[in-house]
Structure formats: structure tokens, C-alpha cells
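Trainee: Just target16.txt, nothing more (compact mmCIF, C-alpha atoms):
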```txt
# COMPACT_ATOMS: atom_id res chain seq x y z
CA MET Y 71 12.53 -2.38 4.67
CA GLU Y 72 11.95 -4.73 1.75
CA SER Y 73 12.75 -8.32 0.91
CA TRP Y 74 12.53 -10.56 -2.14
CA ALA Y 75 12.94 -13.76 -0.12
CA ASP Y 76 10.55 -16.13 1.63
CA GLY Y 77 10.86 -17.82 4.99
CA HIS Y 78 12.66 -15.24 7.16
CA ALA Y 79 13.46 -16.59 10.62
CA ILE Y 80 11.36 -14.69 13.14
CA THR Y 81 9.91 -15.41 16.56
CA LEU Y 82 6.30 -14.35 16.58
CA PHE Y 83 4.67 -12.95 19.70
CA PRO Y 84 1.95 -15.12 21.29
CA ALA Y 85 -0.75 -12.73 20.07
CA GLU Y 86 0.58 -13.00 16.52
CA LEU Y 87 0.65 -16.79 16.73
CA ALA Y 88 -2.94 -16.79 17.92
CA TYR Y 89 -3.97 -14.42 15.15
CA ILE Y 90 -2.42 -16.55 12.41
CA ASP Y 91 -3.47 -19.89 13.91
CA GLY Y 92 -5.05 -22.15 11.32
CA ALA Y 93 -3.88 -20.13 8.31
CA ALA Y 94 -2.58 -21.83 5.19
CA PRO Y 95 1.22 -22.26 4.92
CA ARG Y 96 1.56 -19.56 2.25
CA ARG Y 97 -0.40 -17.08 4.35
CA ARG Y 98 1.78 -17.87 7.38
CA ARG Y 99 4.96 -17.24 5.38
CA GLU Y 100 3.66 -13.90 4.11
CA PHE Y 101 2.54 -12.94 7.63
CA GLN Y 102 5.96 -13.76 9.07
CA ASP Y 103 7.98 -12.18 6.27
CA VAL Y 104 6.26 -8.79 6.38
CA ARG Y 105 6.66 -8.74 10.16
CA TRP Y 106 10.34 -9.52 9.74
CA CYS Y 107 10.51 -6.42 7.52
CA ALA Y 108 8.57 -4.42 10.10
CA ARG Y 109 10.84 -5.52 12.97
CA GLN Y 110 13.90 -4.44 10.98
CA ALA Y 111 12.36 -1.05 10.21
CA LEU Y 112 11.21 -0.44 13.80
CA ALA Y 113 14.57 -1.51 15.24
CA SER Y 114 16.40 0.90 12.90
CA MET Y 115 14.38 3.74 14.45
CA GLY Y 116 14.87 2.59 18.03
CA ALA Y 117 11.17 1.79 18.34
CA PRO Y 118 9.83 -0.79 20.79
CA LEU Y 119 8.87 -4.16 19.35
CA GLY Y 120 5.54 -5.81 19.97
CA PRO Y 121 2.82 -7.82 18.24
CA LEU Y 122 1.62 -6.31 14.98
CA ILE Y 123 -2.02 -7.33 14.78
CA PRO Y 124 -5.31 -5.45 14.52
CA THR Y 125 -6.85 -4.59 17.86
CA ALA Y 126 -10.26 -3.54 16.52
CA THR Y 127 -12.97 -6.17 16.86
CA GLY Y 128 -16.12 -6.66 14.87
CA ALA Y 129 -14.71 -4.91 11.81
CA GLU Y 130 -13.44 -7.36 9.22
CA PHE Y 131 -12.32 -4.56 6.89
CA LEU Y 132 -9.79 -3.42 9.50
CA ALA Y 133 -8.01 -6.78 9.46
CA ARG Y 134 -5.10 -5.67 7.27
CA TYR Y 135 -4.24 -2.68 9.45
CA PRO Y 136 -2.12 -3.73 12.44
CA THR Y 137 -1.68 -1.52 15.48
CA TRP Y 138 1.81 0.01 15.67
CA PRO Y 139 3.83 0.93 18.79
CA PRO Y 140 2.87 4.27 20.39
CA GLY Y 141 4.54 7.12 18.55
CA TYR Y 142 4.84 5.26 15.25
CA VAL Y 143 2.76 4.55 12.17
CA GLY Y 144 3.44 2.04 9.45
CA CYS Y 145 2.18 -0.13 6.66
CA LEU Y 146 2.82 -3.65 5.36
CA THR Y 147 2.55 -5.05 1.84
CA HIS Y 148 3.35 -8.22 -0.03
CA CYS Y 149 2.84 -9.84 -3.40
CA ASP Y 150 4.45 -12.78 -5.21
CA GLY Y 151 8.20 -12.49 -4.70
CA TYR Y 152 8.16 -9.28 -2.68
CA ARG Y 153 7.53 -8.17 0.95
CA ALA Y 154 7.95 -4.75 2.52
CA ALA Y 155 7.21 -2.60 5.56
CA ALA Y 156 7.42 1.16 6.04
CA VAL Y 157 7.48 2.94 9.40
CA GLY Y 158 7.42 6.60 10.40
CA ALA Y 159 7.42 8.55 13.67
CA THR Y 160 4.19 10.40 14.42
CA ASP Y 161 6.03 13.64 15.18
CA GLY Y 162 6.59 13.98 11.44
CA VAL Y 163 4.08 11.67 9.77
CA LEU Y 164 0.34 11.31 10.38
CA ALA Y 165 -0.09 8.23 8.22
CA LEU Y 166 1.62 6.32 5.45
CA GLY Y 167 0.70 3.63 2.99
CA ILE Y 168 2.67 1.34 0.72
CA ASP Y 169 1.56 -1.14 -1.93
CA ALA Y 170 3.32 -3.74 -4.04
CA GLU Y 171 1.94 -5.33 -7.21
CA THR Y 172 3.16 -7.54 -10.01
CA HIS Y 173 4.36 -5.35 -12.87
CA ASP Y 174 1.61 -6.34 -15.27
CA HIS Y 175 -1.30 -4.61 -16.97
CA LEU Y 176 -4.72 -4.46 -15.35
CA PRO Y 177 -7.52 -6.28 -17.16
CA GLU Y 178 -9.61 -3.69 -19.00
CA PRO Y 179 -12.78 -4.26 -16.91
CA ALA Y 180 -10.80 -3.68 -13.72
CA LEU Y 181 -9.16 -0.55 -15.13
CA ASN Y 182 -12.53 0.91 -16.07
CA ARG Y 183 -13.73 0.36 -12.50
CA VAL Y 184 -10.85 2.24 -10.90
CA ALA Y 185 -9.93 4.97 -13.41
CA SER Y 186 -11.85 8.11 -14.33
CA ARG Y 187 -12.05 9.43 -17.90
CA ALA Y 188 -9.35 11.98 -17.12
CA GLU Y 189 -7.09 9.24 -15.74
CA LEU Y 190 -7.67 7.04 -18.80
CA ALA Y 191 -6.60 9.95 -21.00
CA HIS Y 192 -3.56 10.51 -18.77
CA LEU Y 193 -2.62 6.82 -19.08
CA SER Y 194 -2.89 7.02 -22.86
CA VAL Y 195 -0.32 9.83 -22.93
CA LEU Y 196 2.02 7.93 -20.62
CA ARG Y 197 1.77 4.77 -22.76
CA SER Y 198 2.62 6.73 -25.90
CA THR Y 199 5.96 7.79 -24.42
CA GLN Y 200 6.90 4.69 -22.39
CA PRO Y 201 4.87 1.70 -23.57
CA GLU Y 202 7.12 -0.73 -21.72
CA VAL Y 203 5.73 0.42 -18.35
CA ALA Y 204 2.41 -0.84 -16.96
CA TRP Y 205 1.11 2.64 -16.11
CA ASP Y 206 -2.35 1.30 -15.35
CA ARG Y 207 -0.88 -0.89 -12.60
CA ILE Y 208 1.03 2.10 -11.19
CA LEU Y 209 -2.23 4.07 -11.10
CA PHE Y 210 -4.03 1.27 -9.26
CA SER Y 211 -1.16 0.75 -6.80
CA ALA Y 212 -0.96 4.48 -6.08
CA LYS Y 213 -4.66 4.50 -5.18
CA GLU Y 214 -4.10 1.51 -2.90
CA SER Y 215 -1.25 3.29 -1.11
CA VAL Y 216 -3.35 6.40 -0.59
CA TYR Y 217 -6.22 4.32 0.78
CA LYS Y 218 -3.91 2.44 3.14
CA ALA Y 219 -2.71 5.75 4.55
CA TRP Y 220 -6.12 7.43 4.63
CA PHE Y 221 -8.36 4.70 6.06
CA PRO Y 222 -6.46 3.88 9.29
CA LEU Y 223 -6.19 7.62 9.97
CA THR Y 224 -9.87 8.42 9.51
CA ARG Y 225 -11.73 5.07 9.59
CA ARG Y 226 -13.51 6.45 6.52
CA TRP Y 227 -13.55 4.97 3.02
CA PHE Y 228 -13.63 6.64 -0.36
CA ASP Y 229 -14.61 5.35 -3.76
CA ILE Y 230 -11.43 4.45 -5.61
CA ARG Y 231 -12.54 6.51 -8.63
CA ASP Y 232 -12.84 9.57 -6.37
CA CYS Y 233 -9.10 9.44 -5.68
CA ALA Y 234 -7.65 11.30 -8.68
CA ILE Y 235 -4.07 10.32 -9.52
CA VAL Y 236 -1.61 12.21 -11.73
CA VAL Y 237 1.68 10.38 -12.34
CA ASP Y 238 4.94 12.19 -13.01
CA PRO Y 239 6.95 9.77 -15.19
CA ARG Y 240 10.23 11.67 -14.85
CA GLU Y 241 10.36 12.29 -11.10
CA GLY Y 242 8.91 8.94 -10.02
CA THR Y 243 6.18 10.70 -8.05
CA PHE Y 244 2.41 11.02 -8.16
CA THR Y 245 -0.17 13.41 -6.76
CA ALA Y 246 -3.45 12.15 -5.35
CA SER Y 247 -6.39 14.51 -4.93
CA LEU Y 248 -9.19 13.50 -2.57
CA PRO Y 249 -12.66 15.02 -2.41
CA ARG Y 250 -13.30 17.05 0.70
CA ASN Y 251 -16.30 14.91 1.61
CA SER Y 252 -14.23 11.73 1.81
CA SER Y 253 -14.43 12.04 5.61
CA GLU Y 254 -17.52 12.54 7.71
CA GLY Y 255 -15.45 12.85 10.88
CA ALA Y 256 -13.24 15.51 12.38
CA THR Y 257 -10.30 14.80 10.07
CA SER Y 258 -10.97 16.30 6.66
CA ALA Y 259 -9.35 15.09 3.49
CA PRO Y 260 -6.10 16.84 2.58
CA PRO Y 261 -6.32 18.69 -0.74
CA ALA Y 262 -3.52 16.52 -2.16
CA VAL Y 263 -1.25 13.68 -1.14
CA VAL Y 264 2.16 13.30 -2.77
CA GLY Y 265 3.58 9.83 -3.23
CA ARG Y 266 6.33 7.94 -5.01
CA TRP Y 267 6.41 5.00 -7.38
CA ALA Y 268 9.05 2.62 -8.67
CA VAL Y 269 9.17 -0.28 -11.12
CA SER Y 270 11.63 -3.15 -11.20
CA GLY Y 271 11.77 -5.62 -14.06
CA PRO Y 272 9.81 -5.84 -17.31
CA VAL Y 273 6.15 -6.77 -17.79
CA PRO Y 274 5.11 -9.23 -16.41
CA GLU Y 275 8.18 -10.28 -14.42
CA GLY Y 276 8.93 -7.32 -12.18
CA HIS Y 277 7.17 -5.40 -9.43
CA VAL Y 278 5.45 -2.06 -8.98
CA VAL Y 279 5.85 -0.39 -5.57
CA THR Y 280 4.14 2.82 -4.49
CA SER Y 281 4.09 4.84 -1.28
CA ALA Y 282 1.95 7.70 0.05
CA VAL Y 283 2.54 9.87 3.10
CA ILE Y 284 0.17 12.21 4.93
CA ARG Y 285 2.20 14.67 6.99
```
Could you write out this file's structure as C-alpha cells?
Mentor:
Amino acid sequence: MESWADGHAITLFPAELAYIDGAAPRRRREFQDVRWCARQALASMGAPLGPLIPTATGAEFLARYPTWPPGYVGCLTHCDGYRAAAVGATDGVLALGIDAETHDHLPEPALNRVASRAELAHLSVLRSTQPEVAWDRILFSAKESVYKAWFPLTRRWFDIRDCAIVVDPREGTFTASLPRNSSEGATSAPPAVVGRWAVSGPVPEGHVVTSAVIR
């Protein structure tokens, strides 16, 4: 479920109100809007509704990963002018991640931090055929989506440069390859994760949205 509007009417659960207490007005609007999207998505699947907040304590880096109703996994994302939530049932999906970004180019220092040499060469080819698309932003967003799916599943992080992305410009898909040693726990990294990407609007007015699913 996605929305391009702000200020959706929603009644927050007491635990959500407590979690967002003291936040700035803009943060409160984003918090409410993505949960409006999540409620719509959960209701469409017949899932129970409840507070969507992290339950882990003492781990600040878990703060953007809310706990979903039993039997479901999901992900939230927002950026200027866009909010979205994706939900899947655990009988078919282990984890999923989504990410939204402004459709604009990454600053070169940031791109060099997230992209390998092979990915930089891949981006150069993509730019030569479709220069109107911010392929570097798609690459970054795809890595974010993969991380959002991978981290809640394993509680393990990976270096963003270790997540190798190959974008298919015709099919609107991408493949992410993770190193096998990304996880030190029982769940090992899948050899590849397939995701999707979409762009709306020109640079720098539109949005880039990506999604990744681990089945």
C-alpha cells in the first residue's frame, strides 16, 4: 500500500502513542502515515491489527524494524512526498524489504562508498543507454531494500559494498548477491535475492521505489 499524501486519519494504539511521544510534528506525520499504509495492507490480507513498534530493547539500530502480527512480515518506508508499507504472509515469505528515495543522483563521495568497481562499471553502461534515470539512486535503494529484508531476519549486518547489485533495465528487476559469511548465525545468506524497482517522475522531482523478498 502506498500514498503520496500527508496527514492520514488514523487512531494510534497506546503503545504507538507512547513510542512517538515527544517527536517533532513531521516525524509524527510520517509515523502515522506509514502505519495507515500498513493497516490498509494488513486489513486486505485479513491480518489482525496491533501496534507496530519495535519490541527489542537496548538496540538502537533495531528501532526502524517494527514487530508484525504473528504469521506476517512487513516493511515500512517514507521519503518526501511518499509513504508505503508492504506485508507478506510467512507461509510464503521469510522476509521483505522496501525502500523509497527521491529520484535524484547520489553525490559522488556517497556513491563511491556504496558501489564496488564492478557496480560503477555497470552504472556507466546503464547511463549510456538511459541517462535520464538516476541509476545510482536505484542501486543504493536496492541495497537498502535487501538490508531491510536481511537484517530483521538474521539480526546480522553486512557491509553495503558486499551486497552486489545487478539491475535489469528492461524488466524492472535487480539481483542482489550476498557473501556467504554475511551471517554468523544459523541462517546463512541466500546466494541471490531478486527484487524489483520502479521510477516515477524525472530527476529530481520523482521517486525511486525498490523491493526485495526472501522466500
Trainee: Pick the closest to Arg97 of chain Y from Y:Cys149, Y:Ala79, Y:Val157, Y:Ala219: which is it, counting only C-alpha atoms?
Mentor: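 The closest residue to Arg97 of chain Y is Y:Cys149.
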Trainee: Could you name the residues that touch Val264 of chain Y at 12 Å or less, counting only C-alpha atoms, but leaving out those on the same chain fewer than 4 positions away, as a PyMOL selection string?
Mentor: chain Y and resi 166-167+212-213+215-216+219+234-238+241-248+260+280-285
Trainee: Calculated over only C-alpha atoms, which of the candidates Y:Ser194, Y:Ser186, Y:Ser114, Y:Thr125 has the smallest distance to Ala156 of chain Y?
Mentor: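 Checking each candidate against Ala156 of chain Y, we get Y:Ser114 as the closest.
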Trainee: Each side padded by 5 Å, which centre and which edge lengths in Å (one decimal) define the axis-aligned box around the listed atoms of segment 100-104 of chain Y? Give them as JSON.
Mentor:
```
{"center_x": 5.3, "center_y": -11.3, "center_z": 6.6, "size_x": 15.4, "size_y": 15.1, "size_z": 15.0}
```
Trainee: At a cut-off of 9 Å, using only C-alpha atoms, what residues contact Met115 of chain Y? Leave out same-chain residues fewer than 3 positions from it and give the result as a list in words.
Mentor: Gln110, Ala111, Leu112, Val157, Gly158 and Ala159 of chain Y
Trainee: With 9 Å as the threshold, what does the neighbourhood of (10.5, -7.5, 1.8) contain in terms of residues, counting only C-alpha atoms? Coordinates are those of the file; answer as an mmCIF file with C-alpha atoms, in the coordinates of the input.
Mentor:
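Result file selection-v6.cif:
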```
data_model
loop_
_atom_site.group_PDB
_atom_site.id
_atom_site.type_symbol
_atom_site.label_atom_id
_atom_site.label_comp_id
_atom_site.auth_asym_id
_atom_site.auth_seq_id
_atom_site.Cartn_x
_atom_site.Cartn_y
_atom_site.Cartn_z
ATOM 1 C CA MET Y 71 12.530 -2.380 4.670
ATOM 2 C CA GLU Y 72 11.950 -4.730 1.750
ATOM 3 C CA SER Y 73 12.750 -8.320 0.910
ATOM 4 C CA TRP Y 74 12.530 -10.560 -2.140
ATOM 5 C CA ALA Y 75 12.940 -13.760 -0.120
ATOM 6 C CA ASP Y 76 10.550 -16.130 1.630
ATOM 7 C CA ASP Y 103 7.980 -12.180 6.270
ATOM 8 C CA VAL Y 104 6.260 -8.790 6.380
ATOM 9 C CA TRP Y 106 10.340 -9.520 9.740
ATOM 10 C CA CYS Y 107 10.510 -6.420 7.520
ATOM 11 C CA THR Y 147 2.550 -5.050 1.840
ATOM 12 C CA HIS Y 148 3.350 -8.220 -0.030
ATOM 13 C CA GLY Y 151 8.200 -12.490 -4.700
ATOM 14 C CA TYR Y 152 8.160 -9.280 -2.680
ATOM 15 C CA ARG Y 153 7.530 -8.170 0.950
ATOM 16 C CA ALA Y 154 7.950 -4.750 2.520
ATOM 17 C CA ALA Y 155 7.210 -2.600 5.560
#
```
Trainee: Considering only C-alpha atoms, can you say which of Y:Ala85, Y:Ala113, Y:Leu196, Y:Leu176 comes closest to Tyr142 of chain Y?
Mentor: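 For Tyr142 of chain Y, the nearest of the given residues is Y:Ala113.
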Trainee: Ranking Y:Pro249, Y:Arg240, Y:Pro95, Y:Arg109 by minimum distance to Trp227 of chain Y and counting all atoms listed in the file, which one comes first?
Mentor: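 Looking at the shortest contact to Trp227 of chain Y, the residue is Y:Pro249.
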Trainee: Counting only C-alpha atoms, which residue out of Y:His192, Y:Lys218, Y:Arg225, Y:His277 sits closest to Pro239 of chain Y?
Mentor: Y:His192
Trainee: One decimal, in Å: what's the spacing between atom CA of Asp206 of chain Y and atom CA of His175 of chain Y?
Mentor: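 Interatomic distance here is 6.2 Å.
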Trainee: Distance atom CA of Gly92 of chain Y-atom CA of Ala170 of chain Y, one decimal place?
Mentor: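 About the pair atom CA of Gly92 of chain Y and atom CA of Ala170 of chain Y: they are 25.4 Å apart.
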